[in-house]
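Here is data_18.txt, consisting of compact mmCIF, C-alpha atoms:
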# COMPACT_ATOMS: atom_id res chain seq x y z
CA MET H 1 58.64 55.69 -14.34
CA ALA H 2 58.17 52.19 -15.75
CA PRO H 3 59.03 49.33 -13.38
CA LYS H 4 62.33 47.55 -13.83
CA ARG H 5 62.48 44.12 -15.39
CA GLY H 6 62.45 41.20 -12.94
CA VAL H 7 60.90 43.20 -10.15
CA LYS H 8 57.41 42.04 -9.02
CA VAL H 9 54.82 44.73 -8.59
CA VAL H 10 52.94 44.29 -5.29
CA ALA H 11 49.24 45.01 -5.65
CA PRO H 12 47.71 47.17 -2.95
CA ALA H 13 45.93 45.07 -0.28
CA LYS H 14 42.14 45.22 -0.33
CA LYS H 15 40.51 46.43 2.81
CA LYS H 16 38.17 43.89 4.41
CA GLN H 17 34.68 45.14 4.93
CA GLU H 18 33.66 44.71 8.51
CA LYS H 19 30.26 43.11 9.07
CA VAL H 20 27.76 45.28 10.81
CA VAL H 21 26.43 43.36 13.81
CA ASN H 22 23.09 44.33 15.25
CA PRO H 23 23.41 44.30 19.05
CA LEU H 24 19.69 43.54 19.42
CA PHE H 25 20.04 40.12 17.75
CA GLU H 26 22.55 37.89 19.48
CA LYS H 27 23.91 34.92 17.53
CA ARG H 28 23.13 31.68 19.35
CA PRO H 29 24.39 28.54 17.58
CA LYS H 30 22.27 25.40 18.11
CA GLN H 31 23.51 22.82 20.61
CA PHE H 32 22.23 19.31 19.98
CA GLY H 33 23.14 17.91 23.38
CA ILE H 34 20.75 16.57 26.05
CA GLY H 35 18.08 19.14 26.69
CA GLY H 36 19.21 21.20 23.71
CA ALA H 37 17.80 21.77 20.23
CA LEU H 38 16.14 18.99 18.25
CA PRO H 39 18.53 17.30 15.78
CA PRO H 40 17.78 17.42 12.03
CA LYS H 41 15.73 14.56 10.57
CA LYS H 42 17.68 11.59 9.22
CA ASP H 43 16.78 8.57 7.11
CA LEU H 44 16.15 5.88 9.76
CA HIS H 45 14.97 3.22 7.30
CA ARG H 46 17.69 0.70 8.22
CA PHE H 47 17.00 1.11 11.96
CA VAL H 48 13.27 0.31 11.76
CA LYS H 49 12.54 -3.15 13.18
CA TRP H 50 8.93 -2.81 14.35
CA LEU H 51 7.63 -3.67 10.88
CA LYS H 52 8.53 -7.35 11.42
CA ILE H 53 6.30 -7.39 14.51
CA ILE H 54 3.39 -5.99 12.50
CA LEU H 55 4.03 -8.45 9.68
CA GLY H 56 4.02 -11.31 12.18
CA SER H 57 0.90 -10.23 14.09
CA TYR H 58 -1.20 -9.60 10.99
CA ASN H 59 0.26 -12.53 9.02
CA ILE H 60 1.09 -10.33 6.02
CA ASP H 61 3.52 -12.84 4.49
CA TRP H 62 0.27 -14.42 3.28
CA PHE H 63 -0.14 -11.38 0.97
CA SER H 64 2.83 -12.48 -1.13
CA SER H 65 2.63 -16.27 -0.66
CA VAL H 66 -1.07 -16.83 -1.32
CA VAL H 67 -1.06 -15.23 -4.78
CA SER H 68 1.46 -17.75 -6.14
CA THR H 69 -0.83 -20.81 -6.23
CA GLN H 70 -1.99 -22.12 -9.59
CA ASN H 71 -5.75 -21.74 -8.98
CA ILE H 72 -5.38 -18.09 -8.03
CA LYS H 73 -3.20 -17.39 -11.10
CA TYR H 74 -5.93 -18.81 -13.34
CA MET H 75 -8.56 -16.84 -11.42
CA ALA H 76 -6.52 -13.62 -11.80
CA THR H 77 -6.49 -13.83 -15.62
CA SER H 78 -10.29 -14.10 -15.82
CA LEU H 79 -10.65 -11.40 -13.14
CA PHE H 80 -8.45 -8.90 -15.03
CA LYS H 81 -10.33 -9.61 -18.28
CA LEU H 82 -13.54 -8.67 -16.48
CA LEU H 83 -12.01 -5.57 -14.89
CA LEU H 84 -10.76 -4.34 -18.29
CA LYS H 85 -14.36 -4.35 -19.55
CA TYR H 86 -15.28 -1.81 -16.85
CA ARG H 87 -12.33 0.57 -17.17
CA PRO H 88 -13.20 4.19 -16.31
CA GLU H 89 -12.75 6.79 -19.04
CA ASP H 90 -9.36 8.48 -19.42
CA LYS H 91 -8.71 12.24 -19.68
CA ALA H 92 -9.02 12.35 -23.49
CA ALA H 93 -12.37 10.52 -23.50
CA LYS H 94 -13.70 12.77 -20.72
CA LYS H 95 -12.65 15.92 -22.62
CA GLU H 96 -14.35 14.65 -25.77
CA ARG H 97 -17.54 13.84 -23.84
CA LEU H 98 -17.65 17.29 -22.25
CA LEU H 99 -17.17 18.98 -25.64
CA GLU H 100 -20.03 16.99 -27.15
CA ARG H 101 -22.37 17.61 -24.22
CA PRO H 102 -23.95 20.88 -25.60
CA ARG H 103 -24.78 19.13 -28.88
CA LEU H 104 -26.44 16.19 -27.21
CA ARG H 105 -28.39 18.11 -24.56
CA LEU H 106 -31.72 17.63 -26.29
CA LYS H 107 -31.13 13.91 -26.70
CA GLU H 108 -30.00 13.56 -23.08
CA LYS H 109 -33.21 15.16 -21.88
CA LEU H 110 -35.20 12.52 -23.71
CA LEU H 111 -33.04 9.63 -22.58
CA SER H 112 -32.86 8.62 -18.92
CA ARG H 113 -29.50 9.43 -17.40
CA LYS H 114 -27.72 6.46 -15.84
CA LYS H 115 -24.31 6.32 -14.23
CA PRO H 116 -21.86 4.15 -16.17
CA ILE H 117 -20.77 0.91 -14.49
CA VAL H 118 -17.02 1.30 -13.92
CA VAL H 119 -14.31 0.08 -11.58
CA LYS H 120 -14.01 2.16 -8.41
CA TYR H 121 -10.58 3.01 -7.02
CA GLY H 122 -9.02 5.02 -4.19
CA LEU H 123 -8.55 3.67 -0.68
CA ASN H 124 -10.99 6.05 1.06
CA HIS H 125 -13.65 5.60 -1.62
CA VAL H 126 -13.40 1.79 -1.58
CA THR H 127 -13.52 1.75 2.25
CA TYR H 128 -16.70 3.85 2.15
CA LEU H 129 -18.29 1.46 -0.38
CA ILE H 130 -17.43 -1.55 1.81
CA GLU H 131 -18.87 0.13 4.92
CA GLN H 132 -22.07 1.01 3.02
CA ASN H 133 -22.39 -2.61 1.77
CA LYS H 134 -22.27 -1.44 -1.85
CA ALA H 135 -19.07 -3.28 -2.81
CA GLN H 136 -19.49 -6.71 -4.41
CA LEU H 137 -15.78 -7.44 -4.94
CA VAL H 138 -12.59 -5.87 -3.56
CA VAL H 139 -9.22 -6.42 -5.25
CA ILE H 140 -6.09 -5.65 -3.16
CA ALA H 141 -2.51 -5.39 -4.47
CA HIS H 142 0.10 -7.58 -2.75
CA ASP H 143 3.01 -5.09 -2.96
CA VAL H 144 1.54 -1.96 -1.35
CA ASP H 145 4.19 0.05 0.48
CA PRO H 146 3.72 0.70 3.38
CA ILE H 147 1.67 -2.45 3.89
CA GLU H 148 -0.23 -0.84 6.80
CA LEU H 149 -2.36 1.03 4.25
CA VAL H 150 -4.24 -2.16 3.31
CA VAL H 151 -3.39 -4.54 6.16
CA TRP H 152 -6.80 -4.07 7.78
CA LEU H 153 -8.90 -4.40 4.61
CA PRO H 154 -9.30 -8.23 4.68
CA ALA H 155 -10.69 -8.04 8.23
CA LEU H 156 -13.15 -5.30 7.21
CA CYS H 157 -14.25 -7.24 4.12
CA ARG H 158 -14.77 -10.36 6.20
CA LYS H 159 -16.80 -8.44 8.79
CA MET H 160 -19.03 -6.86 6.11
CA VAL H 161 -19.24 -10.21 4.19
CA VAL H 162 -17.64 -8.77 1.05
CA PRO H 163 -15.54 -11.06 -1.22
CA TYR H 164 -11.95 -9.87 -1.47
CA CYS H 165 -8.79 -11.12 -3.19
CA ILE H 166 -5.08 -10.27 -3.17
CA VAL H 167 -3.39 -10.14 -6.59
CA LYS H 168 -0.12 -9.09 -8.20
CA GLY H 169 0.45 -6.15 -8.26
CA LYS H 170 -0.23 -2.43 -7.75
CA SER H 171 1.08 -1.35 -11.19
CA ARG H 172 -1.22 -3.87 -12.87
CA LEU H 173 -4.20 -2.52 -10.94
CA GLY H 174 -3.14 1.03 -11.77
CA SER H 175 -3.12 0.32 -15.51
CA ILE H 176 -6.84 -0.56 -15.33
CA VAL H 177 -7.77 2.87 -13.94
CA HIS H 178 -5.22 4.87 -16.04
CA LYS H 179 -2.86 5.46 -13.10
CA LYS H 180 0.73 4.46 -12.33
CA THR H 181 -0.30 2.39 -9.32
CA ALA H 182 -3.47 1.53 -7.41
CA ALA H 183 -3.63 -0.15 -3.99
CA VAL H 184 -7.29 -1.24 -4.14
CA LEU H 185 -10.00 -1.66 -6.80
CA CYS H 186 -13.67 -2.35 -6.30
CA LEU H 187 -16.67 -3.50 -8.33
CA THR H 188 -20.16 -2.48 -7.18
CA THR H 189 -22.14 -4.17 -9.96
CA VAL H 190 -21.78 -5.69 -13.44
CA LYS H 191 -23.86 -5.84 -16.59
CA ASN H 192 -26.40 -8.63 -17.14
CA GLU H 193 -24.28 -10.38 -19.79
CA ASP H 194 -21.33 -10.68 -17.35
CA LYS H 195 -23.25 -11.84 -14.27
CA LEU H 196 -22.65 -15.56 -14.87
CA GLU H 197 -18.89 -15.11 -15.27
CA PHE H 198 -18.81 -12.72 -12.30
CA SER H 199 -20.58 -15.25 -10.05
CA LYS H 200 -18.00 -17.94 -10.96
CA ILE H 201 -15.15 -15.57 -10.10
CA LEU H 202 -16.81 -14.69 -6.78
CA GLU H 203 -17.16 -18.39 -5.86
CA ALA H 204 -13.47 -19.02 -6.58
CA ILE H 205 -12.45 -15.93 -4.60
CA LYS H 206 -14.59 -16.88 -1.60
CA ALA H 207 -13.14 -20.40 -1.59
CA ASN H 208 -9.52 -19.19 -1.74
CA PHE H 209 -9.67 -16.09 0.46
CA ASN H 210 -12.78 -15.49 2.61
CA ASP H 211 -13.27 -19.12 3.65
CA LYS H 212 -9.55 -19.74 4.29
CA TYR H 213 -9.11 -16.69 6.53
CA ASP H 214 -9.31 -18.67 9.79
CA GLU H 215 -7.18 -21.49 8.40
CA TYR H 216 -4.27 -19.16 7.67
CA ARG H 217 -4.79 -17.19 10.87
CA LYS H 218 -4.49 -20.28 13.10
CA LYS H 219 -1.15 -21.27 11.58
CA TRP H 220 0.71 -17.96 11.91
CA GLY H 221 3.85 -17.93 14.02
CA GLY H 222 4.33 -21.71 14.17
CA GLY H 223 5.51 -21.60 17.81
CA ILE H 224 9.19 -21.80 16.76
CA MET H 225 11.51 -20.03 19.19
CA GLY H 226 14.70 -18.20 18.30
CA SER H 227 18.21 -19.74 18.32
CA LYS H 228 19.12 -18.23 21.73
CA SER H 229 16.00 -19.50 23.49
CA GLN H 230 16.42 -22.93 21.87
CA THR H 231 19.98 -23.26 23.23
CA LYS H 232 18.78 -22.20 26.70
CA THR H 233 16.00 -24.79 26.73
CA LYS H 234 18.43 -27.50 25.56
CA ALA H 235 20.86 -26.58 28.34
CA LYS H 236 18.05 -26.75 30.93
CA GLU H 237 16.95 -30.16 29.62
CA LYS H 238 20.52 -31.47 29.91
CA LEU H 239 20.76 -30.26 33.53
CA LEU H 240 17.43 -31.87 34.42
CA ALA H 241 18.49 -35.14 32.78
CA LYS H 242 21.82 -35.06 34.67
CA GLU H 243 20.07 -34.44 38.02
CA ALA H 244 17.61 -37.27 37.31
CA ALA H 245 20.54 -39.64 36.52
CA GLN H 246 22.30 -38.68 39.80
CA ARG H 247 19.16 -39.37 41.82
CA MET H 248 18.80 -42.80 40.25
CA THR H 249 22.35 -43.73 41.28
What is this file in structure tokens?
Amino acid sequence: MAPKRGVKVVAPAKKKQEKVVNPLFEKRPKQFGIGGALPPKKDLHRFVKWLKIILGSYNIDWFSSVVSTQNIKYMATSLFKLLLKYRPEDKAAKKERLLERPRLRLKEKLLSRKKPIVVKYGLNHVTYLIEQNKAQLVVIAHDVDPIELVVWLPALCRKMVVPYCIVKGKSRLGSIVHKKTAAVLCLTTVKNEDKLEFSKILEAIKANFNDKYDEYRKKWGGGIMGSKSQTKTKAKEKLLAKEAAQRMT
């Protein structure tokens, strides 16, 4: 029979399927208390304070401050003009060269093969060139993150007597070598027509960076104490002055 009007038809309840539990594998939820499981990794960026200590000990504020002077800005323009002359080939140029190689094999056999003079990049590669005394100029970006990647490079360059400079910025260096960013660039040699200009750039770089290394290093820190220690020393001085006044009377 058809159901009467106004009367709700109750649908039959669905039976819940019981989960089959394997007795061999016991469920043990993780407990993150003391001596328990390791907690999941979190972003602790705002808690990190040791970076200030590293910045202070290595005097890395020089990285950003030293590149703002007028002489270095003028030097940077001439330096980047020179670096653009020795840009390495991009992917399209390399593909074209490889396609033309079979056609020019006979000519290449006659001509002496010489490696093209280009800008070297890559932190490991540049470090190797500095250690082998092949690098003639090292260019470091001022905004490398983390700064610890390049913080030791000036000391290595100074030890190996290699001219180095710090310029703005990593994206500008990357554009020279067809990359988004580059931390370090290096020149091993230049062509004969650019040697005079290159020697002038090296003299300016040595005067502003290599020769001023000790000057900047001696001034770091400044010997200025924090606000708490300053108030303590002032309080001690007042007590000593008061005791000295009492003795006089």
Worksheet, complete the sentence: Taken to one decimal, the atom CA of Lys159 of chain H-atom CA of Lys120 of chain H distance is 20.4 Å
Fill in: Coordinates-based distance that separates atom CA of Cys186 of chain H from atom CA of Gln136 of chain H (Å, one decimal)
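Interatomic distance, atom CA of Gln136 of chain H to atom CA of Cys186 of chain H: 7.5 Å.
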Worksheet item: Interatomic distance between atom CA of Ala37 of chain H and atom CA of Leu24 of chain H?
Response: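 Separation of atom CA of Ala37 of chain H and atom CA of Leu24 of chain H: 21.9 Å.
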Worksheet item: Which neighbours of Tyr164 of chain H fall inside 9 Å, counting only C-alpha atoms, when residues of the same chain fewer than 5 positions from it are skipped, and could you give them as a list in words?
Response: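 Neighbouring residues, sequence-local ones excluded: Gln136, Leu137, Val138, Val139, Ile140, Leu153, Pro154, Cys157, Arg158, Leu202, Ile205, Lys206, Phe209 and Asn210 of chain H.
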Practice prompt. Would you kindly identify which residues have an atom no farther than 10 Å from (-14.0, -1.9, -11.4), using all atoms listed in the file and the file's own coordinates, and write them out as a ChimeraX atom specification?
Written response: /H:80,82-88,117-121,137-139,173,176-177,184-190
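Distances to Ala204 of chain H were evaluated for H:Val150, H:Val21, H:Met160, H:Leu79 using all atoms listed in the file, and the minimum falls at H:Leu79.
The shortest atom-to-atom distance to Ile201 of chain H, with only C-alpha atoms taken into account, belongs to H:Cys165 out of H:Lys41, H:Cys165, H:Gln246, H:Ile130.
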Worksheet entry | Distance criterion (all atoms listed in the file): nearest to Lys168 of chain H out of H:Val20, H:Met75, H:Leu196, H:Glu26 |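 Distance minimum relative to Lys168 of chain H lands on H:Met75.
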Practice prompt. Considering all atoms listed in the file, state which residue in the set H:Thr231, H:Ser171, H:Ala155, H:Phe25 is at the smallest distance from Asp214 of chain H.
Written response: H:Ala155
Quick one: 6 Å padding each side, axis-aligned, all listed atoms of segment 169-175 of chain H - centre and edge lengths in Å to one decimal, as JSON?
{"center_x": -1.6, "center_y": -2.6, "center_z": -11.6, "size_x": 17.3, "size_y": 19.2, "size_z": 19.8}
